[in-house]
Amino acid sequence: MAFRTIDELDAGLREADYLPDRGLATALFLSLALEKPVLLEGEAGVGKTEAAKALSTALDARLIRLQCYEGLDVSHAVYEWNYPRQLLHIRAAQEGTVSEEELFGPEFLIRRPLLEAIDSDEQVVLLIDEIDRADEEFEAFLLEILSDFQITIPELGTIRARRKPAVVLTSNRTRELHDALKRRALFHWIGHPSLEREVEIVRLRVPGIPERLAMEAAAFVRGLRGLDLAKPPGVAETIDWAQALAALGREEIDAEVVEQTLGSVLKYREDIEMVRDETLVSLIEEARATAGKTGV
Amino acid sequence: MQGTAIVRHVVTFGRVLREVGIEVGPGRVADAMCGLNAVDLTRQEDVYFTLRQTLVSRHDELELFDRAFVAWFLRGPVAPLVRQKDRRRFADGTVRDTLESKRDEEEDVFESGDPLERGASAHELLREKDFAEMTPEEFERVRRLMAAIARTRPRRTSRRRAPDPRGDRLDLRRLCRSSLRTGGDPIEQAWKARKTVHRKLVVLCDVSGSMDAYARALLFYLHAIVGTGSGVEAFAFGTRLTRLTPDLATRDPEAALARATVATVDWGSGTRIGASLGEFNAIYGRRALSRGAVVVIVSDGWERDDPDLVGREMAKLARAAYAVVWVNPLKGNPEYQPLAGGMRAALPFVDRFLPGHNLRSLEELGAVLAGIERRHAA
């Protein structure tokens with residue numbers, strides 16, 4: 001194992017431009033130590049997917065990503081046979097000379113992410129993104145792979161992982177996952193970061209941003225999360241917004257620039273309408289006061 | 001605290017968690033041990049996260065876990081742990097009693113009721129009878145009939161395809177295999193088509209005092225629907241909202257209703273439809289529970305707060321949902337007009353407006369749900 005302690009992994013993730021809190025660093029560390037998948041849940045935009053990417057960078061391992069969607073099935077997630085090639089092969093050969101073993105051999109196999117991850121000699125990080133979007137049948141299928149780290153292809157036999165991949169599952173919790181799947185994974189809930197950490201993240205991701213601006217932007221977004229919004233902004237939105245503000249050459253935020261750029265923080269019309277006039281002004285004042293207090 | 005002492009505590013701690021209602025299997029405890037073995041035991045934070053990540057698998061259990069952790073490992077002063085089982089037993093007991101006494105009253109009314117109706121055992125009559133006027137025996141018979149109605153559920157086309165001779169896509173895997181026999185000529189054709197699956201169904205049921213008899217009937221109906229497979233979510237509301245799905249899947253619906261009534265209704269403070277819908281939108285709507293779903297609201301539409309709030313929350317709900325059905329038992333009366341403020345505010349966002357006061361109207365509901373299409377009025 002590449003990392004002997006949580007601190008070492010934490011440092012590795014920081015080097016990969018990702019600032020984990022202690023809980024997330026512990027979750028990823030345990031996932032590696034126990035060779036168990038880890039399920040990261042949390043609201044959109046708190047950095048679940050990014051965590052897996054950072055882990056692969058820190059481990060210097062290849063990242064294999066499976067984006068889930070409804071209707072995702074074996075032929076898109078695990079493997080598929082290359083039918084056009086098979087048909088051509090039958091045609092090219094003399095009639096009756098093609099055996100079934102030949103036709104369903106490795107050279108006609110198209111490898112999809114899960115097979116790729118299991119059948120790999122090097123260390124890989126397997127990211128199964130937004131598992132809650134896939135349907136339950138697929139979840140059941142995933143169970144076999146995640147508990148035994150093996151895949152059975154009827155025509156070829158069982159392929160066992162020679163090196164267990166580090167598996168990160170993410171879910172936005174649009175539905176509750178199966179207990180059986182949860183039992184096989186460690187579970188970590190990622191909440192919104194503390195103000196200090198969010199400022200740190202913004203400064204890391206938007207190099208050259210004025211410190212005061214980073215602080216005000218983070219404090220403003222934090223204020224937004226306290227409102228009753230349809231879609232509270234995540235860290236990803238804070239970074240986007242800070243980028244926009246920095247690009248406009250701002251040192252601080254004011255009502256005018258916030259109104260111009262609010263679309264990169266809030267994605268729903270009702271939310272934007274809710275944050276207007278007095279609400280907007282008082283949020284800006286609060287954010288500036290917070291930034292002022294820390295003496296930046 | 002000594003490191004070895006912590007490890008020794010884990011097994012007992014697992015039992016503590018089980019007692020507060022968090023399911024902890026032996027596999028999880030073993031994971032926790034392995035995890036603790038790998039981290040620095042002198043850092044309390046690391047011990048905390050290791051235990052939490054190995055022993056808990058649901059977001060809504062985190063709070064219970066935190067309290068148990070503080071009480072067990074830190075010996076800190078904490079609010080008493082919620083013992084869910086005890087609370088339920090307690091809640092059931094008290095509410096059962098009130099239901100029981102209400103039934104007795106109903107029986108009295110029945111005894112003095114129309115002798116003609118009393119003598120008639122006809123199935124037809126039962127189908128037409130208002131739920132609120134039924135005796136427990138009649139209700140029991142109706143319950144069994146409901147299971148049949150519940151089998152019809154809205155469906156939608158899945159993204160998955162399955163072999164189907166009348167399909168619209170070639171099934172290449174089967175085609176290739178059959179071509180082996182014919183030297184690569186695809187003579188036997190193999191097709192596949194999109195399957196249909198159950199559409200998500202979300203039911204929000206008003207369980208305030210005025211709705212009591214109807215809510216019971218509807219919950220039995222719901223119980224039967226939940227039995228038809230996944231993708232059904234049920235909620236009860238009065239002054240607050242509570243999720244019923246887990247109760248309906250495992251427990252007796254009568255007990256679920258009793259619990260829901262205790263959890264959501266403040267006696268004498270009336271129904272807060274707008275606020276309850278708001279709670280649903282904020283918590284479950286955000287998790288996309290209502291997206292693409294058929295949402296059924298069962299309520300008489302009597303809003304004690306601000307009718308405008310009902311309208312605003314209905315608008316949000318309708319935008320996310322595939323279709324919204326409002327079931328109002330009062331509509332069973334031919335004289336009824338939707339004049340109550342809450343009902344009037346909600347109607348523009350309702351696709352189908354149905355009664356639901358007797359078995360026959362539930363049959364109608366079943367038929368509507370089975371064939372419902374997107375058809376927003378607003």
# chains A, B, ... in the order shown; residues from 1 in each chain; ligands from 1
call {"tool": "interface_residues", "arguments": {"of": "chain A", "to": "chain B", "cutoff": "7 Å", "atoms": "only C-alpha atoms", "output": "number ranges by chain"}}
result
A: 5, 23, 26-27, 30, 33-34, 70-71, 83, 87, 90-91, 95-96, 173-175, 182, 186-189, 230
call {"tool": "write_last_selection", "arguments": {"atoms": "C-alpha atoms", "output": "short mmCIF file (atom, residue, chain, number, x, y, z; two decimals), in the first residue's frame"}}
result
data_model
loop_
_atom_site.label_atom_id
_atom_site.label_comp_id
_atom_site.auth_asym_id
_atom_site.auth_seq_id
_atom_site.Cartn_x
_atom_site.Cartn_y
_atom_site.Cartn_z
CA THR A 5 -1.11 6.72 7.45
CA GLY A 23 -13.36 12.45 7.45
CA THR A 26 -10.05 8.65 6.64
CA ALA A 27 -12.70 7.14 4.35
CA LEU A 30 -9.77 2.85 5.05
CA ALA A 33 -6.46 -0.44 3.83
CA LEU A 34 -9.48 -2.75 3.96
CA GLU A 70 -30.83 4.73 -16.35
CA GLY A 71 -30.79 1.69 -18.57
CA TYR A 83 -20.58 -8.31 -33.72
CA LEU A 87 -19.89 -11.63 -38.77
CA ILE A 90 -17.57 -16.04 -40.25
CA ARG A 91 -17.95 -14.76 -43.78
CA GLU A 95 -18.27 -22.40 -44.33
CA GLY A 96 -18.47 -24.61 -41.28
CA ARG A 173 -29.11 10.24 -3.07
CA THR A 174 -31.93 10.67 -5.57
CA ARG A 175 -32.96 7.29 -4.27
CA LYS A 182 -24.28 -0.60 1.16
CA LEU A 186 -17.72 1.94 3.58
CA PHE A 187 -19.96 4.93 3.81
CA HIS A 188 -18.98 8.57 4.02
CA TRP A 189 -21.27 11.56 3.90
CA ALA A 230 -34.26 24.65 -4.48
#
call {"tool": "residues_around", "arguments": {"residues": "Glu130 of chain A", "least_positions_apart": "5", "cutoff": "6 Å", "atoms": "only C-alpha atoms", "output": "PyMOL selection string"}}
result
chain A and resi 68+170-171
call {"tool": "write_last_selection", "arguments": {"atoms": "N, CA and C atoms", "output": "PDB file, in the first residue's frame"}}
result
ATOM      1  N   CYS A  68     -22.931   6.357 -14.514  1.00  0.00           N
ATOM      2  CA  CYS A  68     -24.166   5.586 -14.521  1.00  0.00           C
ATOM      3  C   CYS A  68     -25.321   6.405 -15.089  1.00  0.00           C
ATOM      4  N   THR A 170     -20.164   7.029  -6.089  1.00  0.00           N
ATOM      5  CA  THR A 170     -20.771   8.277  -5.623  1.00  0.00           C
ATOM      6  C   THR A 170     -22.276   8.211  -5.839  1.00  0.00           C
ATOM      7  N   SER A 171     -22.994   8.926  -4.986  1.00  0.00           N
ATOM      8  CA  SER A 171     -24.446   8.985  -5.123  1.00  0.00           C
ATOM      9  C   SER A 171     -24.948  10.351  -4.671  1.00  0.00           C
TER      10      SER A 171
END
call {"tool": "residues_around", "arguments": {"residues": "Asp21 of chain A", "least_positions_apart": "2", "cutoff": "9 Å", "atoms": "only C-alpha atoms", "output": "list in words"}}
result
Asp10, Leu19, Gly23, Leu24, Ala25, Thr26, Pro193 and Arg197 of chain A
call {"tool": "residues_around", "arguments": {"residues": "Asp73 of chain A", "least_positions_apart": "3", "cutoff": "8 Å", "atoms": "only C-alpha atoms", "output": "list in words"}}
result
His76, Ala77 and Phe138 of chain A; Arg160 of chain B
call {"tool": "write_last_selection", "arguments": {"atoms": "N, CA and C atoms", "output": "short mmCIF file (atom, residue, chain, number, x, y, z; two decimals), in the first residue's frame"}}
result
data_model
loop_
_atom_site.label_atom_id
_atom_site.label_comp_id
_atom_site.auth_asym_id
_atom_site.auth_seq_id
_atom_site.Cartn_x
_atom_site.Cartn_y
_atom_site.Cartn_z
N HIS A 76 -22.78 -2.11 -21.83
CA HIS A 76 -22.11 -0.81 -21.78
C HIS A 76 -21.20 -0.67 -20.58
N ALA A 77 -21.41 -1.52 -19.58
CA ALA A 77 -20.63 -1.36 -18.36
C ALA A 77 -19.52 -2.40 -18.24
N PHE A 138 -29.15 -3.16 -12.25
CA PHE A 138 -27.72 -2.99 -12.44
C PHE A 138 -26.99 -3.03 -11.10
N ARG B 160 -33.97 0.06 -21.06
CA ARG B 160 -33.45 -1.26 -21.34
C ARG B 160 -34.27 -1.96 -22.42
#
call {"tool": "residues_around", "arguments": {"residues": "segment 212-224 of chain A", "least_positions_apart": "6", "cutoff": "9 Å", "atoms": "only C-alpha atoms", "output": "ChimeraX atom specification"}}
result
/A:192,194-196,198-200,202-203,206,232-235,237-239,241-242,245-246,250-253,265,275,283-292,296
call {"tool": "residues_around", "arguments": {"residues": "segment 295-308 of chain B", "least_positions_apart": "3", "cutoff": "6 Å", "atoms": "only C-alpha atoms", "output": "PyMOL selection string"}}
result
chain B and resi 201-206+270-273+311+324-328+341-343
call {"tool": "write_last_selection", "arguments": {"atoms": "N, CA and C atoms", "output": "compact mmCIF listing (two decimals), in the first residue's frame"}}
result
# COMPACT_ATOMS: atom_id res chain seq x y z
N LEU B 201 -44.23 6.27 -8.25
CA LEU B 201 -45.51 6.72 -7.75
C LEU B 201 -45.30 7.29 -6.35
N VAL B 202 -45.66 8.54 -6.17
CA VAL B 202 -45.49 9.18 -4.87
C VAL B 202 -46.87 9.57 -4.34
N VAL B 203 -47.22 9.13 -3.15
CA VAL B 203 -48.52 9.44 -2.59
C VAL B 203 -48.36 10.26 -1.32
N LEU B 204 -49.04 11.39 -1.28
CA LEU B 204 -49.02 12.24 -0.09
C LEU B 204 -50.42 12.23 0.50
N CYS B 205 -50.55 11.75 1.71
CA CYS B 205 -51.87 11.51 2.26
C CYS B 205 -52.13 12.37 3.50
N ASP B 206 -53.17 13.14 3.45
CA ASP B 206 -53.60 13.98 4.56
C ASP B 206 -54.21 13.07 5.64
N GLY B 270 -55.10 22.08 12.99
CA GLY B 270 -55.50 22.09 11.58
C GLY B 270 -54.43 21.59 10.62
N THR B 271 -54.81 21.51 9.35
CA THR B 271 -53.91 20.98 8.33
C THR B 271 -53.09 22.09 7.71
N ARG B 272 -51.83 21.85 7.54
CA ARG B 272 -50.99 22.82 6.85
C ARG B 272 -50.49 22.18 5.56
N ILE B 273 -51.34 22.26 4.52
CA ILE B 273 -51.01 21.59 3.26
C ILE B 273 -49.80 22.24 2.61
N GLY B 311 -50.52 27.11 -3.51
CA GLY B 311 -50.35 27.31 -4.95
C GLY B 311 -48.88 27.30 -5.34
N VAL B 324 -49.87 15.08 -11.81
CA VAL B 324 -50.33 15.23 -10.44
C VAL B 324 -51.82 14.87 -10.37
N VAL B 325 -52.15 13.98 -9.46
CA VAL B 325 -53.54 13.59 -9.27
C VAL B 325 -53.97 14.03 -7.88
N TRP B 326 -55.10 14.69 -7.76
CA TRP B 326 -55.59 15.08 -6.45
C TRP B 326 -56.85 14.27 -6.15
N VAL B 327 -56.82 13.57 -5.04
CA VAL B 327 -57.98 12.78 -4.64
C VAL B 327 -58.63 13.48 -3.45
N ASN B 328 -59.86 13.91 -3.65
CA ASN B 328 -60.57 14.61 -2.59
C ASN B 328 -61.88 13.89 -2.27
N GLY B 341 -60.05 27.58 0.09
CA GLY B 341 -58.91 28.33 -0.43
C GLY B 341 -57.77 27.46 -0.93
N GLY B 342 -57.38 26.48 -0.11
CA GLY B 342 -56.25 25.62 -0.47
C GLY B 342 -56.52 24.83 -1.73
N MET B 343 -57.74 24.29 -1.81
CA MET B 343 -58.12 23.47 -2.96
C MET B 343 -58.12 24.31 -4.23
call {"tool": "select_by_dssp", "arguments": {"residues": "segment 170-292 of chain B", "states": "helix (DSSP H, G or I)", "output": "PyMOL selection string"}}
result
chain B and resi 172-182+209-226+245-250+253-264+273-285
call {"tool": "atom_distance", "arguments": {"atom1": "atom CA of Met314 of chain B", "atom2": "atom CA of Arg153 of chain B"}}
result
22.7 Å
call {"tool": "atom_distance", "arguments": {"atom1": "atom CA of Pro207 of chain A", "atom2": "atom CA of Leu28 of chain A"}}
result
26.5 Å
call {"tool": "atom_distance", "arguments": {"atom1": "atom CA of Asp277 of chain A", "atom2": "atom CA of Ala255 of chain A"}}
result
8.8 Å
call {"tool": "closest_atom_pairs", "arguments": {"of": "segment 131-236 of chain A", "to": "segment 110-113 of chain A", "cutoff": "12 Å", "atoms": "only C-alpha atoms", "output": "CSV"}}
result
residue,atom,partner,partner_atom,distance
A:Ile151,CA,A:Arg111,CA,11.8
A:Ile153,CA,A:Arg111,CA,11.4
A:Pro165,CA,A:Pro113,CA,11.7
call {"tool": "select_by_dssp", "arguments": {"residues": "segment 77-189 of chain A", "states": "strand (DSSP E or B)", "output": "ChimeraX atom specification"}}
result
/A:79-81,109-111,124-129,150-153,157-160,166-171,186-189
call {"tool": "write_last_selection", "arguments": {"atoms": "C-alpha atoms", "output": "CSV table (one decimal), in the first residue's frame"}}
result
chain,number,residue,atom,x,y,z
A,79,TYR,CA,-18.2,-6.1,-22.0
A,80,GLU,CA,-19.7,-6.6,-25.4
A,81,TRP,CA,-18.9,-8.8,-28.3
A,109,LEU,CA,-14.3,-8.9,-26.9
A,110,ILE,CA,-14.9,-5.2,-26.4
A,111,ARG,CA,-13.9,-4.3,-22.9
A,124,VAL,CA,-6.4,1.4,-11.0
A,125,VAL,CA,-9.0,3.6,-9.3
A,126,LEU,CA,-12.5,2.6,-10.4
A,127,LEU,CA,-15.0,5.5,-10.1
A,128,ILE,CA,-18.6,4.4,-10.4
A,129,ASP,CA,-20.2,7.8,-10.7
A,150,GLN,CA,-14.6,-11.1,-10.4
A,151,ILE,CA,-16.6,-11.1,-13.6
A,152,THR,CA,-18.1,-14.1,-15.3
A,153,ILE,CA,-18.4,-14.1,-19.1
A,157,GLY,CA,-15.2,-18.1,-18.0
A,158,THR,CA,-14.5,-16.2,-14.8
A,159,ILE,CA,-12.0,-13.4,-14.8
A,160,ARG,CA,-10.6,-12.7,-11.3
A,166,ALA,CA,-9.7,1.0,-5.4
A,167,VAL,CA,-13.4,1.5,-5.9
A,168,VAL,CA,-15.2,4.8,-5.3
A,169,LEU,CA,-19.0,5.0,-5.7
A,170,THR,CA,-20.8,8.3,-5.6
A,171,SER,CA,-24.4,9.0,-5.1
A,186,LEU,CA,-17.7,1.9,3.6
A,187,PHE,CA,-20.0,4.9,3.8
A,188,HIS,CA,-19.0,8.6,4.0
A,189,TRP,CA,-21.3,11.6,3.9
